[in-house]
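The file structure02.json contains JSON, C-alpha atoms:
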```json
[["chain", "number", "residue", "atom", "x", "y", "z"],
["A", 126, "MET", "CA", 0.00, 0.00, 0.00],
["A", 127, "ILE", "CA", 2.83, 2.41, 0.84],
["A", 128, "ARG", "CA", 4.55, 1.62, -2.45],
["A", 129, "ILE", "CA", 1.32, 2.20, -4.41],
["A", 130, "LEU", "CA", 0.69, 5.52, -2.70],
["A", 131, "LEU", "CA", 4.29, 6.70, -3.20],
["A", 132, "GLU", "CA", 4.38, 5.71, -6.87],
["A", 133, "ASN", "CA", 1.11, 7.14, -8.15],
["A", 134, "GLY", "CA", -1.10, 7.99, -5.19],
["A", 135, "ASP", "CA", -4.05, 6.02, -6.59],
["A", 136, "PHE", "CA", -5.87, 5.03, -3.43],
["A", 137, "SER", "CA", -8.40, 2.89, -5.35],
["A", 138, "LYS", "CA", -5.64, 0.30, -5.91],
["A", 139, "CYS", "CA", -5.31, 0.04, -2.13],
["A", 140, "LEU", "CA", -8.94, -0.91, -1.57],
["A", 141, "PRO", "CA", -8.36, -4.71, -1.94],
["A", 142, "TRP", "CA", -5.62, -4.46, 0.70],
["A", 143, "CYS", "CA", -7.92, -2.41, 2.93],
["A", 144, "GLY", "CA", -10.55, -5.14, 2.56],
["A", 145, "LEU", "CA", -8.03, -7.78, 3.61],
["A", 146, "LEU", "CA", -7.01, -5.65, 6.59],
["A", 147, "LEU", "CA", -10.65, -5.25, 7.64],
["A", 148, "ILE", "CA", -11.28, -8.99, 7.38],
["A", 149, "GLY", "CA", -8.13, -9.70, 9.37],
["A", 150, "TYR", "CA", -9.15, -7.21, 12.06],
["A", 151, "LEU", "CA", -12.63, -8.74, 12.33],
["A", 152, "VAL", "CA", -11.20, -12.26, 12.57],
["A", 153, "LYS", "CA", -8.77, -11.06, 15.25],
["A", 154, "SER", "CA", -11.55, -9.35, 17.25],
["A", 155, "VAL", "CA", -13.90, -12.34, 17.10],
["A", 156, "GLY", "CA", -11.08, -14.76, 17.92],
["A", 157, "SER", "CA", -9.92, -12.62, 20.84],
["A", 158, "ALA", "CA", -13.44, -12.35, 22.29],
["A", 159, "TRP", "CA", -14.00, -16.09, 21.84],
["A", 160, "SER", "CA", -10.72, -17.10, 23.48],
["A", 161, "THR", "CA", -11.29, -14.69, 26.38],
["A", 162, "SER", "CA", -14.79, -16.06, 26.91],
["A", 163, "MET", "CA", -13.56, -19.66, 26.91],
["A", 164, "SER", "CA", -10.62, -18.94, 29.21],
["A", 165, "HIS", "CA", -12.83, -17.07, 31.71],
["A", 166, "THR", "CA", -15.45, -19.83, 31.70],
["A", 167, "ALA", "CA", -12.79, -22.48, 32.33],
["A", 168, "THR", "CA", -11.14, -20.32, 34.98],
["A", 169, "TYR", "CA", -14.29, -19.69, 37.01],
["A", 170, "TYR", "CA", -15.21, -23.38, 36.95],
["A", 171, "THR", "CA", -11.67, -24.14, 38.15],
["A", 172, "LEU", "CA", -11.83, -21.55, 40.96],
["A", 173, "ARG", "CA", -15.24, -22.89, 42.00],
["A", 174, "ASP", "CA", -13.91, -26.45, 42.21],
["A", 175, "ILE", "CA", -10.83, -25.33, 44.18],
["A", 176, "ARG", "CA", -13.00, -23.49, 46.73],
["A", 177, "LYS", "CA", -15.37, -26.47, 47.04],
["A", 178, "LYS", "CA", -12.44, -28.78, 47.78],
["A", 179, "MET", "CA", -11.06, -26.28, 50.31],
["A", 180, "LEU", "CA", -14.38, -26.13, 52.14],
["A", 181, "ALA", "CA", -14.68, -29.92, 52.05],
["A", 182, "LYS", "CA", -11.21, -30.13, 53.60],
["A", 183, "LEU", "CA", -12.16, -27.49, 56.18],
["A", 184, "SER", "CA", -15.08, -29.66, 57.34],
["A", 185, "ARG", "CA", -12.58, -32.41, 58.28],
["A", 186, "VAL", "CA", -10.12, -30.15, 60.16],
["A", 187, "PRO", "CA", -10.16, -30.51, 63.98],
["A", 188, "MET", "CA", -12.26, -27.86, 65.73],
["A", 189, "GLY", "CA", -9.28, -26.79, 67.85],
["A", 190, "THR", "CA", -7.29, -25.92, 64.72],
["A", 191, "ILE", "CA", -10.19, -23.87, 63.37],
["A", 192, "LEU", "CA", -10.56, -21.95, 66.64],
["A", 193, "ASP", "CA", -6.80, -21.29, 66.89],
["A", 194, "THR", "CA", -6.60, -19.93, 63.33],
["A", 195, "PRO", "CA", -7.71, -16.31, 62.78],
["A", 196, "SER", "CA", -10.83, -16.13, 60.61],
["A", 197, "GLY", "CA", -9.09, -13.58, 58.40],
["A", 198, "GLN", "CA", -6.56, -16.23, 57.40],
["A", 199, "TYR", "CA", -9.35, -18.45, 56.07],
["A", 200, "LYS", "CA", -10.81, -15.51, 54.19],
["A", 201, "THR", "CA", -7.39, -14.69, 52.71],
["A", 202, "THR", "CA", -6.81, -18.27, 51.59],
["A", 203, "ILE", "CA", -10.27, -19.20, 50.31],
["A", 204, "VAL", "CA", -11.24, -15.86, 48.79],
["A", 205, "ASP", "CA", -8.17, -13.74, 48.02],
["A", 206, "ARG", "CA", -5.50, -16.30, 47.15],
["A", 207, "VAL", "CA", -7.84, -18.35, 44.97],
["A", 208, "GLU", "CA", -9.04, -15.15, 43.30],
["A", 209, "GLY", "CA", -5.39, -14.28, 42.66],
["A", 210, "MET", "CA", -5.19, -17.23, 40.27],
["A", 211, "GLU", "CA", -7.75, -15.66, 37.93],
["A", 212, "PRO", "CA", -5.43, -13.29, 36.02],
["A", 213, "THR", "CA", -2.97, -16.09, 35.26],
["A", 214, "LEU", "CA", -5.56, -18.61, 34.12],
["A", 215, "ALA", "CA", -7.98, -16.27, 32.37],
["A", 216, "HIS", "CA", -5.63, -13.70, 30.85],
["A", 217, "LEU", "CA", -1.98, -14.73, 30.85],
["A", 218, "ILE", "CA", -2.36, -18.02, 28.95],
["A", 219, "PRO", "CA", -4.55, -16.82, 26.03],
["A", 220, "GLU", "CA", -3.23, -13.25, 25.82],
["A", 221, "MET", "CA", 0.46, -14.10, 26.19],
["A", 222, "THR", "CA", 0.38, -16.40, 23.17],
["A", 223, "ALA", "CA", -1.41, -13.77, 21.08],
["A", 224, "ASN", "CA", 0.87, -10.94, 22.20],
["A", 225, "LEU", "CA", 4.05, -12.94, 21.56],
["A", 226, "LEU", "CA", 3.06, -14.10, 18.08],
["A", 227, "VAL", "CA", 3.41, -10.74, 16.31],
["A", 228, "PRO", "CA", 6.78, -9.69, 17.87],
["A", 229, "VAL", "CA", 8.25, -13.14, 17.17],
["A", 230, "ALA", "CA", 7.00, -13.08, 13.56],
["A", 231, "ILE", "CA", 8.45, -9.57, 13.05],
["A", 232, "ALA", "CA", 11.78, -10.60, 14.61],
["A", 233, "VAL", "CA", 12.01, -13.64, 12.28],
["A", 234, "TYR", "CA", 11.15, -11.43, 9.28],
["A", 235, "ILE", "CA", 13.84, -8.89, 10.21],
["A", 236, "PHE", "CA", 16.44, -11.66, 10.53],
["A", 237, "VAL", "CA", 15.41, -12.98, 7.11],
["A", 238, "LEU", "CA", 15.87, -9.50, 5.61],
["A", 239, "ASP", "CA", 19.27, -8.87, 7.25],
["A", 240, "TRP", "CA", 20.75, -10.72, 10.22],
["A", 241, "ARG", "CA", 22.67, -7.60, 11.32],
["A", 242, "MET", "CA", 19.45, -5.61, 11.52],
["A", 243, "GLY", "CA", 17.90, -8.50, 13.48],
["A", 244, "PHE", "CA", 20.67, -8.46, 16.09],
["A", 245, "ALA", "CA", 20.50, -4.67, 16.29],
["A", 246, "SER", "CA", 16.76, -4.86, 16.99],
["A", 247, "LEU", "CA", 17.39, -7.25, 19.88],
["A", 248, "VAL", "CA", 19.71, -4.78, 21.65],
["A", 249, "THR", "CA", 16.79, -2.67, 22.90],
["A", 250, "THR", "CA", 15.02, -5.78, 24.19],
["A", 251, "VAL", "CA", 18.08, -6.89, 26.17],
["A", 252, "ILE", "CA", 18.64, -3.40, 27.61],
["A", 253, "GLY", "CA", 14.97, -3.06, 28.52],
["A", 254, "MET", "CA", 14.85, -6.45, 30.26],
["A", 255, "ALA", "CA", 18.06, -5.68, 32.17],
["A", 256, "ILE", "CA", 16.58, -2.42, 33.50],
["A", 257, "MET", "CA", 13.18, -3.92, 34.35],
["A", 258, "SER", "CA", 14.80, -6.88, 36.12],
["A", 259, "GLN", "CA", 16.07, -4.46, 38.78],
["A", 260, "SER", "CA", 12.55, -4.22, 40.22],
["A", 261, "GLY", "CA", 12.44, -8.02, 40.52],
["A", 262, "LYS", "CA", 15.31, -8.09, 43.02],
["A", 263, "THR", "CA", 13.09, -6.83, 45.84],
["A", 264, "TYR", "CA", 10.05, -8.92, 44.84],
["A", 265, "ALA", "CA", 10.43, -11.62, 47.52],
["A", 266, "VAL", "CA", 10.67, -9.10, 50.37],
["A", 267, "ARG", "CA", 7.87, -6.97, 48.94],
["A", 268, "TRP", "CA", 5.61, -10.00, 48.51],
["A", 269, "GLU", "CA", 6.15, -11.09, 52.12],
["A", 270, "GLY", "CA", 5.16, -7.60, 53.22],
["A", 271, "ALA", "CA", 2.09, -7.69, 50.97],
["A", 272, "VAL", "CA", 0.97, -11.00, 52.46],
["A", 273, "ALA", "CA", 1.46, -9.68, 56.00],
["A", 274, "VAL", "CA", -0.43, -6.44, 55.40],
["A", 275, "GLY", "CA", -3.18, -8.37, 53.59],
["A", 276, "LYS", "CA", -3.60, -10.70, 56.58],
["A", 277, "ARG", "CA", -3.87, -7.73, 58.94],
["A", 278, "MET", "CA", -6.55, -6.20, 56.73],
["A", 279, "ALA", "CA", -8.49, -9.47, 56.44],
["A", 280, "ASN", "CA", -8.39, -9.98, 60.20],
["A", 281, "ALA", "CA", -9.57, -6.41, 60.81],
["A", 282, "ILE", "CA", -12.46, -6.81, 58.34],
["A", 283, "ILE", "CA", -13.61, -10.11, 59.82],
["A", 284, "GLU", "CA", -13.29, -8.74, 63.37],
["A", 285, "TYR", "CA", -15.22, -5.58, 62.48],
["A", 286, "VAL", "CA", -18.04, -7.38, 60.65],
["A", 287, "GLY", "CA", -18.25, -10.17, 63.22],
["A", 288, "GLY", "CA", -18.35, -7.82, 66.22],
["A", 289, "ILE", "CA", -20.47, -5.00, 64.78],
["A", 290, "GLN", "CA", -23.44, -5.75, 67.08],
["A", 291, "VAL", "CA", -21.25, -5.68, 70.20],
["A", 292, "VAL", "CA", -19.51, -2.53, 68.99],
["A", 293, "LYS", "CA", -22.86, -0.78, 68.51],
["A", 294, "ALA", "CA", -24.15, -1.96, 71.88],
["A", 295, "PHE", "CA", -21.21, -0.41, 73.72],
["A", 296, "SER", "CA", -21.00, 2.71, 71.50],
["A", 297, "GLN", "CA", -17.49, 1.88, 70.33],
["A", 298, "SER", "CA", -18.23, 2.17, 66.61],
["A", 299, "ALA", "CA", -15.88, 5.11, 66.00],
["A", 300, "GLY", "CA", -12.78, 3.41, 67.43],
["A", 301, "SER", "CA", -13.60, 0.05, 65.87],
["A", 302, "TYR", "CA", -14.20, 1.60, 62.46],
["A", 303, "LYS", "CA", -10.92, 3.52, 62.70],
["A", 304, "LYS", "CA", -9.03, 0.24, 63.21],
["A", 305, "TYR", "CA", -10.86, -1.31, 60.25],
["A", 306, "SER", "CA", -10.37, 1.66, 57.92],
["A", 307, "GLY", "CA", -6.74, 2.03, 59.02],
["A", 308, "ALA", "CA", -6.01, -1.58, 58.03],
["A", 309, "VAL", "CA", -7.64, -1.09, 54.62],
["A", 310, "GLU", "CA", -5.75, 2.15, 53.99],
["A", 311, "GLU", "CA", -2.47, 0.53, 55.09],
["A", 312, "ASN", "CA", -3.03, -2.29, 52.58],
["A", 313, "ALA", "CA", -3.82, 0.15, 49.77],
["A", 314, "GLN", "CA", -0.86, 2.41, 50.59],
["A", 315, "TYR", "CA", 1.52, -0.57, 50.59],
["A", 316, "TYR", "CA", 0.61, -1.45, 47.00],
["A", 317, "VAL", "CA", 0.71, 2.20, 45.92],
["A", 318, "ASP", "CA", 4.24, 2.55, 47.34],
["A", 319, "TRP", "CA", 5.33, -0.72, 45.70],
["A", 320, "MET", "CA", 3.97, 0.42, 42.35],
["A", 321, "HIS", "CA", 5.59, 3.85, 42.79],
["A", 322, "ASP", "CA", 9.02, 2.29, 43.31],
["A", 323, "ASN", "CA", 8.60, -0.03, 40.32],
["A", 324, "GLN", "CA", 7.70, 2.86, 38.02],
["A", 325, "LYS", "CA", 11.31, 4.05, 38.11],
["A", 326, "SER", "CA", 12.63, 0.88, 36.46],
["A", 327, "PHE", "CA", 9.58, 0.57, 34.18]]
```
Output the structure of this file as structure tokens.
Amino acid sequence: MIRILLENGDFSKCLPWCGLLLIGYLVKSVGSAWSTSMSHTATYYTLRDIRKKMLAKLSRVPMGTILDTPSGQYKTTIVDRVEGMEPTLAHLIPEMTANLLVPVAIAVYIFVLDWRMGFASLVTTVIGMAIMSQSGKTYAVRWEGAVAVGKRMANAIIEYVGGIQVVKAFSQSAGSYKKYSGAVEENAQYYVDWMHDNQKSF
């Protein structure tokens, strides 16, 4: 199309190519919607089955263990950690393959045209990955902190919801709510700070 336009500027000769582009875009859109729908359906069935098995296991755990374990920990495990699997199962698998296909195809094409140009194009990828990998060095420590702050928030939520009647009866709602809201804000601020630090390497 670029060659046609540069040679004589007759856009009518580009219409067949435009038609092919439109068909390709429609196929891509339909395929993307279909794959996303299938991956989400499979994911939610999987998460449902995991939670059912967790609850079945919980019914066989000794009562003493249940009483000794904070309720927020159960909420974190059954709700939050299982929910955390959704992006990987529903998005990463179908979208990663689609997003890698075009760059890989372009890289192969560039190498076919000229291997020197192919190696030169990889330099930016290597430099970019080296810079972004700096944020991964603190991931383990950051993740431990995220789990800890998440547990504190879950415990505060469960405690607040579970004791709301007692709190109201003794007119302690202000102090109890402050503890609950403080835990939620601490959790949010932790992730904001983590994201802020990662933006430098990104």
Residues within 9 Å of stretch 252-262 of chain A, please, as a PyMOL selection string. Count all atoms listed in the file; anything in the same chain fewer than 4 positions from it doesn't count. chain A and resi 247-248+266+322-327
Would you output that residue set with C-alpha atoms, as a CSV table (one decimal), in the frame of the given file?
```csv
chain,number,residue,atom,x,y,z
A,247,LEU,CA,17.4,-7.2,19.9
A,248,VAL,CA,19.7,-4.8,21.6
A,266,VAL,CA,10.7,-9.1,50.4
A,322,ASP,CA,9.0,2.3,43.3
A,323,ASN,CA,8.6,0.0,40.3
A,324,GLN,CA,7.7,2.9,38.0
A,325,LYS,CA,11.3,4.0,38.1
A,326,SER,CA,12.6,0.9,36.5
A,327,PHE,CA,9.6,0.6,34.2
```
Distance in Å - atom CA of A:Ser160 versus atom CA of A:Pro219: 6.7 Å
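For the residues A:Gly197, A:Gly243, A:Gly209, A:Gly270, ranking by smallest atom-to-atom distance to A:Ile283 using all atoms listed in the file places A:Gly197 first.
Closest approach to A:Arg206 among A:Ala308, A:Val229, A:Ile175, A:Trp142 is made by A:Ile175 (distances from all atoms listed in the file).
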Would you pick out the contacts of A:Arg173 at 12 Å or less, using all atoms listed in the file, so that residues sharing its chain but fewer than 3 positions from it are not included, and give the list as an NGL selection string? :A and (166-170 or 176-180 or 203-204 or 207-208 or 210-211)
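What separates atom CA of A:Gln198 from atom CA of A:Lys276 is a distance of 6.3 Å.
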Wanna dump the stretch 177-296 of chain A-stretch 147-157 of chain A contacts at 12 Å for me, each residue with its shortest atom pair and the distance in Å to one decimal, counting all atoms listed in the file, ordered by chain and number, as JSON lines?
```
{"residue": "A:His216", "atom": "CA", "partner": "A:Ser157", "partner_atom": "CA", "distance": 10.9}
{"residue": "A:Pro219", "atom": "CA", "partner": "A:Ser157", "partner_atom": "CA", "distance": 8.6}
{"residue": "A:Glu220", "atom": "CA", "partner": "A:Ser157", "partner_atom": "CA", "distance": 8.4}
{"residue": "A:Met221", "atom": "CA", "partner": "A:Ser157", "partner_atom": "CA", "distance": 11.8}
{"residue": "A:Thr222", "atom": "CA", "partner": "A:Ser157", "partner_atom": "CA", "distance": 11.2}
{"residue": "A:Ala223", "atom": "CA", "partner": "A:Ser157", "partner_atom": "CA", "distance": 8.6}
{"residue": "A:Asn224", "atom": "CA", "partner": "A:Ser157", "partner_atom": "CA", "distance": 11.0}
```
Write out the residues from the selection above, keeping C-alpha atoms, as an mmCIF file, keeping the file's coordinate frame.
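The file below, result_13.cif, is the result:
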```
data_model
loop_
_atom_site.group_PDB
_atom_site.id
_atom_site.type_symbol
_atom_site.label_atom_id
_atom_site.label_comp_id
_atom_site.auth_asym_id
_atom_site.auth_seq_id
_atom_site.Cartn_x
_atom_site.Cartn_y
_atom_site.Cartn_z
ATOM 1 C CA HIS A 216 -5.630 -13.700 30.850
ATOM 2 C CA PRO A 219 -4.550 -16.820 26.030
ATOM 3 C CA GLU A 220 -3.230 -13.250 25.820
ATOM 4 C CA MET A 221 0.460 -14.100 26.190
ATOM 5 C CA THR A 222 0.380 -16.400 23.170
ATOM 6 C CA ALA A 223 -1.410 -13.770 21.080
ATOM 7 C CA ASN A 224 0.870 -10.940 22.200
#
```
All residues 12 Å or closer to A:Phe244, only C-alpha atoms, same chain fewer than 6 positions away omitted, as a PyMOL selection string: chain A and resi 232-233+235-238+250-251
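Of note, atom CA of A:His165 and atom CA of A:Ala215 are spaced 5.0 Å apart.
Take the candidates A:Cys143, A:Ile218, A:Ile129, A:Ala181 and check each one against A:Ser164 using all atoms listed in the file; the shortest distance goes to A:Ile218.
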Select, counting all atoms listed in the file, all protein, DNA and RNA residues no farther than 12 Å from (-13.0, -12.9, 54.6) in file coordinates, and express the selection as a short mmCIF file (atom, residue, chain, number, x, y, z; two decimals) with C-alpha atoms, in the coordinates of the input.
```cif
data_model
loop_
_atom_site.label_atom_id
_atom_site.label_comp_id
_atom_site.auth_asym_id
_atom_site.auth_seq_id
_atom_site.Cartn_x
_atom_site.Cartn_y
_atom_site.Cartn_z
CA PRO A 195 -7.71 -16.31 62.78
CA SER A 196 -10.83 -16.13 60.61
CA GLY A 197 -9.09 -13.58 58.40
CA GLN A 198 -6.56 -16.23 57.40
CA TYR A 199 -9.35 -18.45 56.07
CA LYS A 200 -10.81 -15.51 54.19
CA THR A 201 -7.39 -14.69 52.71
CA THR A 202 -6.81 -18.27 51.59
CA ILE A 203 -10.27 -19.20 50.31
CA VAL A 204 -11.24 -15.86 48.79
CA ASP A 205 -8.17 -13.74 48.02
CA ARG A 206 -5.50 -16.30 47.15
CA GLY A 275 -3.18 -8.37 53.59
CA LYS A 276 -3.60 -10.70 56.58
CA ARG A 277 -3.87 -7.73 58.94
CA MET A 278 -6.55 -6.20 56.73
CA ALA A 279 -8.49 -9.47 56.44
CA ASN A 280 -8.39 -9.98 60.20
CA ALA A 281 -9.57 -6.41 60.81
CA ILE A 282 -12.46 -6.81 58.34
CA ILE A 283 -13.61 -10.11 59.82
CA GLU A 284 -13.29 -8.74 63.37
CA TYR A 285 -15.22 -5.58 62.48
CA VAL A 286 -18.04 -7.38 60.65
CA GLY A 287 -18.25 -10.17 63.22
#
```
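Restricting the calculation to all atoms listed in the file, the smallest distance between A:Thr263 and any of A:Arg128, A:Asn312, A:Trp319, A:Ala158 is found for A:Trp319.
Among the candidates A:Ile191, A:Leu145, A:Met320, A:Val186, the residue lying nearest to A:Arg267 is A:Met320 (atoms considered: only C-alpha atoms).
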